[in-house]
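Listing of work19.tsv, TSV, C-alpha atoms
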```
chain	number	residue	atom	x	y	z
A	1	MET	CA	-69.30	-0.77	-42.26
A	2	LYS	CA	-68.62	-3.49	-39.68
A	3	SER	CA	-65.36	-4.54	-41.35
A	4	LYS	CA	-64.27	-0.91	-41.52
A	5	LEU	CA	-64.83	-0.45	-37.78
A	6	ILE	CA	-62.95	-3.67	-37.01
A	7	LEU	CA	-59.99	-2.61	-39.13
A	8	LEU	CA	-59.98	0.85	-37.58
A	9	GLY	CA	-60.04	-0.75	-34.15
A	10	ILE	CA	-57.03	-2.92	-35.03
A	11	PHE	CA	-55.17	0.16	-36.25
A	12	ILE	CA	-55.90	2.08	-33.07
A	13	VAL	CA	-54.79	-0.84	-30.89
A	14	ALA	CA	-51.59	-1.25	-32.96
A	15	ILE	CA	-50.74	2.45	-32.72
A	16	LEU	CA	-51.41	2.54	-28.97
A	17	ALA	CA	-49.32	-0.59	-28.48
A	18	TYR	CA	-46.45	1.01	-30.40
A	19	LEU	CA	-46.68	4.21	-28.35
A	20	LEU	CA	-47.24	2.66	-24.93
A	21	ILE	CA	-45.31	-0.64	-24.97
A	22	GLU	CA	-41.64	0.31	-24.79
A	23	PRO	CA	-40.15	-3.06	-25.95
A	24	LEU	CA	-42.39	-3.03	-29.03
A	25	ASN	CA	-41.51	0.58	-29.78
A	26	LEU	CA	-37.80	-0.23	-29.44
A	27	TRP	CA	-38.09	-3.32	-31.66
A	28	VAL	CA	-39.87	-1.45	-34.46
A	29	ASN	CA	-37.48	1.50	-34.41
A	30	THR	CA	-34.38	-0.71	-34.21
A	31	SER	CA	-35.65	-2.97	-36.99
A	32	LEU	CA	-36.33	-0.06	-39.33
A	33	SER	CA	-32.87	1.35	-38.60
A	34	VAL	CA	-31.20	-2.00	-39.35
A	35	ILE	CA	-33.16	-2.42	-42.61
A	36	LYS	CA	-32.14	1.07	-43.69
A	37	GLU	CA	-28.47	0.43	-42.88
A	38	ALA	CA	-28.45	-2.92	-44.68
A	39	THR	CA	-30.13	-1.45	-47.77
A	40	VAL	CA	-27.61	1.36	-48.27
A	41	ASP	CA	-24.76	-0.91	-49.41
A	42	LEU	CA	-26.45	-4.34	-49.56
A	43	ASN	CA	-24.75	-5.29	-46.31
A	44	LEU	CA	-26.60	-8.48	-45.45
A	45	ASN	CA	-24.32	-9.23	-42.48
A	46	VAL	CA	-25.93	-6.44	-40.46
A	47	MET	CA	-29.42	-7.71	-41.19
A	48	ALA	CA	-28.51	-11.37	-40.77
A	49	GLU	CA	-26.86	-10.82	-37.38
A	50	TYR	CA	-29.89	-8.88	-36.22
A	51	LEU	CA	-32.29	-11.67	-37.21
A	52	ARG	CA	-30.11	-14.41	-35.72
A	53	SER	CA	-30.05	-12.55	-32.40
A	54	PHE	CA	-33.66	-13.65	-31.87
A	55	GLY	CA	-32.70	-17.32	-31.75
A	56	SER	CA	-35.53	-19.82	-32.20
A	57	ILE	CA	-38.07	-17.14	-33.17
A	58	THR	CA	-35.91	-15.69	-35.94
A	59	TRP	CA	-38.39	-16.78	-38.62
A	60	VAL	CA	-41.27	-15.16	-36.70
A	61	VAL	CA	-39.36	-11.87	-36.51
A	62	SER	CA	-38.52	-12.06	-40.21
A	63	PHE	CA	-42.17	-12.76	-41.08
A	64	ALA	CA	-43.30	-9.79	-38.96
A	65	LEU	CA	-40.67	-7.51	-40.51
A	66	MET	CA	-41.79	-8.42	-44.02
A	67	VAL	CA	-45.43	-7.65	-43.19
A	68	LEU	CA	-44.35	-4.43	-41.47
A	69	SER	CA	-42.29	-3.42	-44.50
A	70	CYS	CA	-45.32	-3.99	-46.72
A	71	ILE	CA	-47.62	-1.81	-44.63
A	72	LEU	CA	-45.16	1.00	-43.90
A	73	ALA	CA	-44.37	2.14	-47.43
A	74	PRO	CA	-41.78	2.56	-48.83
A	75	ILE	CA	-39.53	0.25	-46.78
A	76	PRO	CA	-37.59	-1.96	-49.25
A	77	ALA	CA	-38.74	-5.56	-48.71
A	78	PHE	CA	-36.15	-7.05	-51.07
A	79	ILE	CA	-33.39	-6.66	-48.45
A	80	ILE	CA	-35.40	-8.94	-46.15
A	81	THR	CA	-35.77	-11.48	-48.96
A	82	LEU	CA	-32.02	-11.47	-49.55
A	83	THR	CA	-31.30	-11.86	-45.84
A	84	ASN	CA	-33.81	-14.67	-45.39
A	85	ALA	CA	-31.89	-16.70	-47.95
A	86	ALA	CA	-28.60	-15.97	-46.20
A	87	VAL	CA	-30.05	-17.03	-42.82
A	88	PHE	CA	-32.41	-19.88	-43.71
A	89	GLY	CA	-31.01	-21.14	-47.01
A	90	TRP	CA	-32.21	-20.59	-50.56
A	91	LEU	CA	-35.42	-22.67	-50.53
A	92	ASN	CA	-36.59	-22.07	-46.96
A	93	GLY	CA	-35.73	-18.38	-47.28
A	94	ALA	CA	-37.70	-18.10	-50.52
A	95	ILE	CA	-40.75	-19.81	-48.98
A	96	LEU	CA	-40.62	-17.54	-45.93
A	97	SER	CA	-40.19	-14.41	-48.02
A	98	TRP	CA	-42.93	-15.29	-50.49
A	99	SER	CA	-45.53	-16.27	-47.88
A	100	SER	CA	-44.89	-13.28	-45.61
A	101	ALA	CA	-44.91	-10.87	-48.55
A	102	MET	CA	-48.25	-12.35	-49.65
A	103	VAL	CA	-49.73	-11.70	-46.21
A	104	GLY	CA	-48.41	-8.13	-46.27
A	105	ALA	CA	-49.79	-7.52	-49.77
A	106	VAL	CA	-53.23	-8.81	-48.79
A	107	MET	CA	-53.26	-6.55	-45.73
A	108	CYS	CA	-52.34	-3.52	-47.85
A	109	PHE	CA	-55.06	-4.40	-50.36
A	110	TYR	CA	-57.77	-4.63	-47.72
A	111	ILE	CA	-56.60	-1.56	-45.83
A	112	ALA	CA	-57.13	0.42	-49.04
A	113	ARG	CA	-60.32	-1.41	-50.02
A	114	ILE	CA	-61.99	-0.97	-46.61
A	115	LEU	CA	-60.62	2.32	-45.30
A	116	GLY	CA	-60.36	4.19	-48.61
A	117	ARG	CA	-58.07	6.66	-50.32
A	118	ASP	CA	-57.87	9.22	-47.51
A	119	VAL	CA	-56.34	6.69	-45.13
A	120	VAL	CA	-53.93	5.39	-47.80
A	121	LEU	CA	-52.73	8.93	-48.38
A	122	LYS	CA	-51.65	9.04	-44.73
A	123	ILE	CA	-49.26	6.18	-45.51
A	124	ILE	CA	-47.99	7.01	-49.01
A	125	SER	CA	-47.60	10.25	-50.93
A	126	LYS	CA	-50.28	11.59	-53.24
A	127	GLN	CA	-47.81	11.86	-56.12
A	128	ALA	CA	-46.83	8.20	-55.83
A	129	LEU	CA	-50.44	7.09	-55.55
A	130	ASP	CA	-51.49	9.17	-58.56
A	131	LYS	CA	-48.70	7.60	-60.60
A	132	SER	CA	-49.83	4.13	-59.52
A	133	ASP	CA	-53.41	4.98	-60.53
A	134	GLU	CA	-52.08	5.92	-63.97
A	135	TYR	CA	-50.26	2.61	-64.31
A	136	PHE	CA	-53.38	0.65	-63.37
A	137	GLN	CA	-55.43	2.60	-65.91
A	138	ASN	CA	-52.91	1.82	-68.64
A	139	TYR	CA	-51.85	-1.72	-67.78
A	140	GLY	CA	-54.48	-3.07	-65.40
A	141	VAL	CA	-53.50	-6.23	-63.53
A	142	HIS	CA	-50.20	-6.35	-65.49
A	143	THR	CA	-49.04	-3.46	-63.31
A	144	ILE	CA	-48.65	-5.92	-60.45
A	145	LEU	CA	-46.60	-8.33	-62.53
A	146	ILE	CA	-44.36	-5.58	-63.88
A	147	CYS	CA	-43.66	-3.69	-60.67
A	148	ARG	CA	-42.75	-6.76	-58.65
A	149	LEU	CA	-39.66	-7.21	-60.85
A	150	LEU	CA	-38.31	-3.82	-59.81
A	151	PRO	CA	-36.85	-3.73	-56.28
A	152	PHE	CA	-36.83	0.08	-56.21
A	153	VAL	CA	-40.59	0.23	-56.87
A	154	SER	CA	-42.53	-0.01	-53.63
A	155	PHE	CA	-44.69	-3.10	-54.08
A	156	ASP	CA	-46.81	-2.15	-51.09
A	157	LEU	CA	-47.65	1.04	-52.99
A	158	ILE	CA	-48.98	-1.12	-55.82
A	159	SER	CA	-50.95	-3.24	-53.33
A	160	TYR	CA	-52.55	-0.15	-51.82
A	161	ALA	CA	-53.34	1.25	-55.26
A	162	ALA	CA	-54.88	-2.07	-56.35
A	163	GLY	CA	-57.18	-1.98	-53.34
A	164	LEU	CA	-58.51	1.38	-54.51
A	165	THR	CA	-59.48	0.00	-57.93
A	166	SER	CA	-62.42	-2.20	-58.85
A	167	MET	CA	-60.09	-5.16	-59.29
A	168	LYS	CA	-61.38	-8.38	-57.75
A	169	PHE	CA	-59.38	-9.73	-54.85
A	170	SER	CA	-58.92	-13.08	-56.58
A	171	LYS	CA	-57.22	-11.40	-59.56
A	172	PHE	CA	-55.03	-9.35	-57.26
A	173	PHE	CA	-54.06	-12.39	-55.20
A	174	ILE	CA	-53.17	-14.53	-58.21
A	175	ALA	CA	-51.23	-11.74	-59.95
A	176	THR	CA	-49.40	-10.97	-56.72
A	177	GLY	CA	-48.49	-14.60	-56.13
A	178	ILE	CA	-47.26	-15.07	-59.69
A	179	GLY	CA	-45.54	-11.68	-59.83
A	180	GLN	CA	-43.68	-12.24	-56.56
A	181	LEU	CA	-42.46	-15.73	-57.33
A	182	PRO	CA	-39.73	-15.08	-59.97
A	183	ALA	CA	-38.28	-12.10	-58.11
A	184	THR	CA	-38.37	-13.95	-54.79
A	185	LEU	CA	-36.53	-16.93	-56.25
A	186	VAL	CA	-33.92	-14.74	-57.96
A	187	TYR	CA	-33.34	-12.54	-54.90
A	188	SER	CA	-33.15	-15.60	-52.67
A	189	TYR	CA	-30.53	-17.19	-54.93
A	190	PHE	CA	-28.36	-14.09	-54.81
A	191	GLY	CA	-29.03	-13.61	-51.11
A	192	LYS	CA	-27.40	-16.98	-50.49
A	193	ASN	CA	-24.39	-15.98	-52.60
A	194	LEU	CA	-24.24	-12.21	-52.20
A	195	ASP	CA	-20.59	-11.40	-51.60
A	196	GLY	CA	-17.81	-10.04	-53.76
A	197	SER	CA	-18.59	-10.60	-57.42
A	198	GLY	CA	-22.07	-11.77	-56.45
A	199	LYS	CA	-23.01	-8.19	-55.62
A	200	VAL	CA	-21.88	-7.03	-59.04
A	201	VAL	CA	-23.93	-9.72	-60.77
A	202	PHE	CA	-26.96	-8.94	-58.61
A	203	ILE	CA	-26.81	-5.21	-59.27
A	204	THR	CA	-26.29	-5.88	-62.98
A	205	LEU	CA	-29.33	-8.16	-62.99
A	206	LEU	CA	-31.45	-5.48	-61.34
A	207	ALA	CA	-30.28	-2.96	-63.93
A	208	VAL	CA	-31.33	-5.35	-66.71
A	209	PHE	CA	-34.71	-5.83	-65.04
A	210	ALA	CA	-35.17	-2.07	-64.77
A	211	LEU	CA	-34.13	-1.41	-68.36
A	212	SER	CA	-36.46	-4.14	-69.64
A	213	ILE	CA	-39.43	-2.68	-67.80
A	214	VAL	CA	-38.65	0.88	-68.92
A	215	ILE	CA	-38.48	-0.30	-72.54
A	216	TYR	CA	-41.74	-2.23	-72.16
A	217	ILE	CA	-43.59	0.72	-70.63
A	218	SER	CA	-42.18	3.19	-73.15
A	219	LYS	CA	-43.18	0.92	-76.03
A	220	SER	CA	-46.71	0.52	-74.64
A	221	ILE	CA	-47.15	4.27	-74.16
A	222	TYR	CA	-45.85	4.95	-77.68
A	223	GLU	CA	-48.20	2.41	-79.23
A	224	LYS	CA	-51.16	3.74	-77.27
A	225	ARG	CA	-50.47	7.34	-78.32
A	226	LYS	CA	-49.98	6.27	-81.93
A	227	ALA	CA	-53.29	4.39	-81.87
A	228	LYS	CA	-55.06	7.51	-80.55
A	229	GLN	CA	-53.54	9.66	-83.29
A	230	ASN	CA	-54.67	7.21	-85.99
A	231	ALA	CA	-58.17	6.88	-84.54
```
Represent the structure contained in this file as structure tokens.
Amino acid sequence: MKSKLILLGIFIVAILAYLLIEPLNLWVNTSLSVIKEATVDLNLNVMAEYLRSFGSITWVVSFALMVLSCILAPIPAFIITLTNAAVFGWLNGAILSWSSAMVGAVMCFYIARILGRDVVLKIISKQALDKSDEYFQNYGVHTILICRLLPFVSFDLISYAAGLTSMKFSKFFIATGIGQLPATLVYSYFGKNLDGSGKVVFITLLAVFALSIVIYISKSIYEKRKAKQNA
């Protein structure tokens, strides 16, 4: 009960700060607009210029944006990962993206775990949450590993859904860390080289990822239904 009140208090303070502090309100709205613009056509220059405009605190802004993108579903976090690599280099960008995404995922998990389903439904749609529940019922902790490979699947949605299950935090944390690592490294590599033909290769790679996951899920569903019919 105490942790729930503390978390609620933090939420109230954050919302009031957003509403009452004009510079914060402007920063959040501008940041979300830039992320949306950069995502439309994978234009990293827009995002990179925006981050660099903050000078010595660029990495702090990037970290905050990643956490914000995790909490405010369904903002695509992968565009921040790509940009981090373009701004900070492949390795430093990957480390920044991975660590900030981990913090965001943990926050989503505990928001759901402490505040419950009703609050989560204020952030994400019921249809999306129900679909996530179905994935967790069918694939358990593997849902986290699978969905992190797909940039068009909101990973914060999966983090929220995981918090509503009986999954132990340690399992969630480990699966999240492992699941994020390959995608973060791949996105960071392409973020450092994302121009011209690099975009084509990147989009092709994402399509292969997506097709692989669709085949895996379809195969699992087919085998499960076949097992039920033979039972």
Distance table requested - stretch 28-52 of chain A against stretch 75-94 of chain A, cut-off 8 Å, all atoms listed in the file: one row per qualifying residue with the closest atom pair and its distance in Å to one decimal, ordered by chain and rising residue number, as a Markdown table.
```
| residue | atom | partner | partner_atom | distance |
| --- | --- | --- | --- | --- |
| A:Ile35 | CA | A:Ile79 | CA | 7.2 |
| A:Ala38 | CA | A:Ile79 | CA | 7.3 |
| A:Thr39 | CA | A:Ile79 | CA | 6.2 |
| A:Leu42 | CA | A:Ile79 | CA | 7.4 |
| A:Leu44 | CA | A:Thr83 | CA | 5.8 |
| A:Met47 | CA | A:Thr83 | CA | 6.5 |
| A:Ala48 | CA | A:Thr83 | CA | 5.8 |
| A:Arg52 | CA | A:Val87 | CA | 7.6 |
```
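Atom CA of A:Val120 to atom CA of A:Tyr139 spans 21.3 Å [interatomic distance, one decimal].
Between A:Ile123 and the candidates A:Ser100, A:Ser69, A:Asn138, A:Thr165, the tightest atom-to-atom separation, counting all atoms listed in the file, involves A:Ser69.
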As a check of understanding: the span from atom CA of A:Leu8 to atom CA of A:Ser159 is 18.6 Å
Between atom CA of A:Cys70 and atom CA of A:Gly104, measure the distance and give it in Å to one decimal.
5.2 Å
Restricting the calculation to all atoms listed in the file, which member of A:Trp27, A:Phe136, A:Phe190, A:Trp98 is positioned closest to A:Val67?
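The answer is A:Trp98, which sits nearest to A:Val67.
With only C-alpha atoms as the basis for measurement, A:Met102 is the residue among A:Val34, A:Ile114, A:Met102, A:Ile57 that approaches A:Phe173 most closely.
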Nearest residue to A:Glu134 from the set A:Ala161, A:Trp59, A:Lys171, A:Ile15 (distances using only C-alpha atoms)
A:Ala161
Selected residue, from A:Ile174, A:Val186, A:Leu115, A:Leu72, that lies nearest to A:Leu157 when counting all atoms listed in the file
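Of A:Ile174, A:Val186, A:Leu115, A:Leu72, the one nearest A:Leu157, counting all atoms listed in the file, is A:Leu72.
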With all atoms listed in the file as the basis for distance, which of A:Ser188, A:Phe155, A:Ala128, A:Val106 is at the shortest distance from A:Ser170?
A:Val106
Around (-58.0, -1.4, -55.0), as given in the file, which residues come within 10 Å? Count only C-alpha atoms and list them as a VMD selection string.
chain A and resid 108 to 114 116 to 117 133 136 158 to 169 172
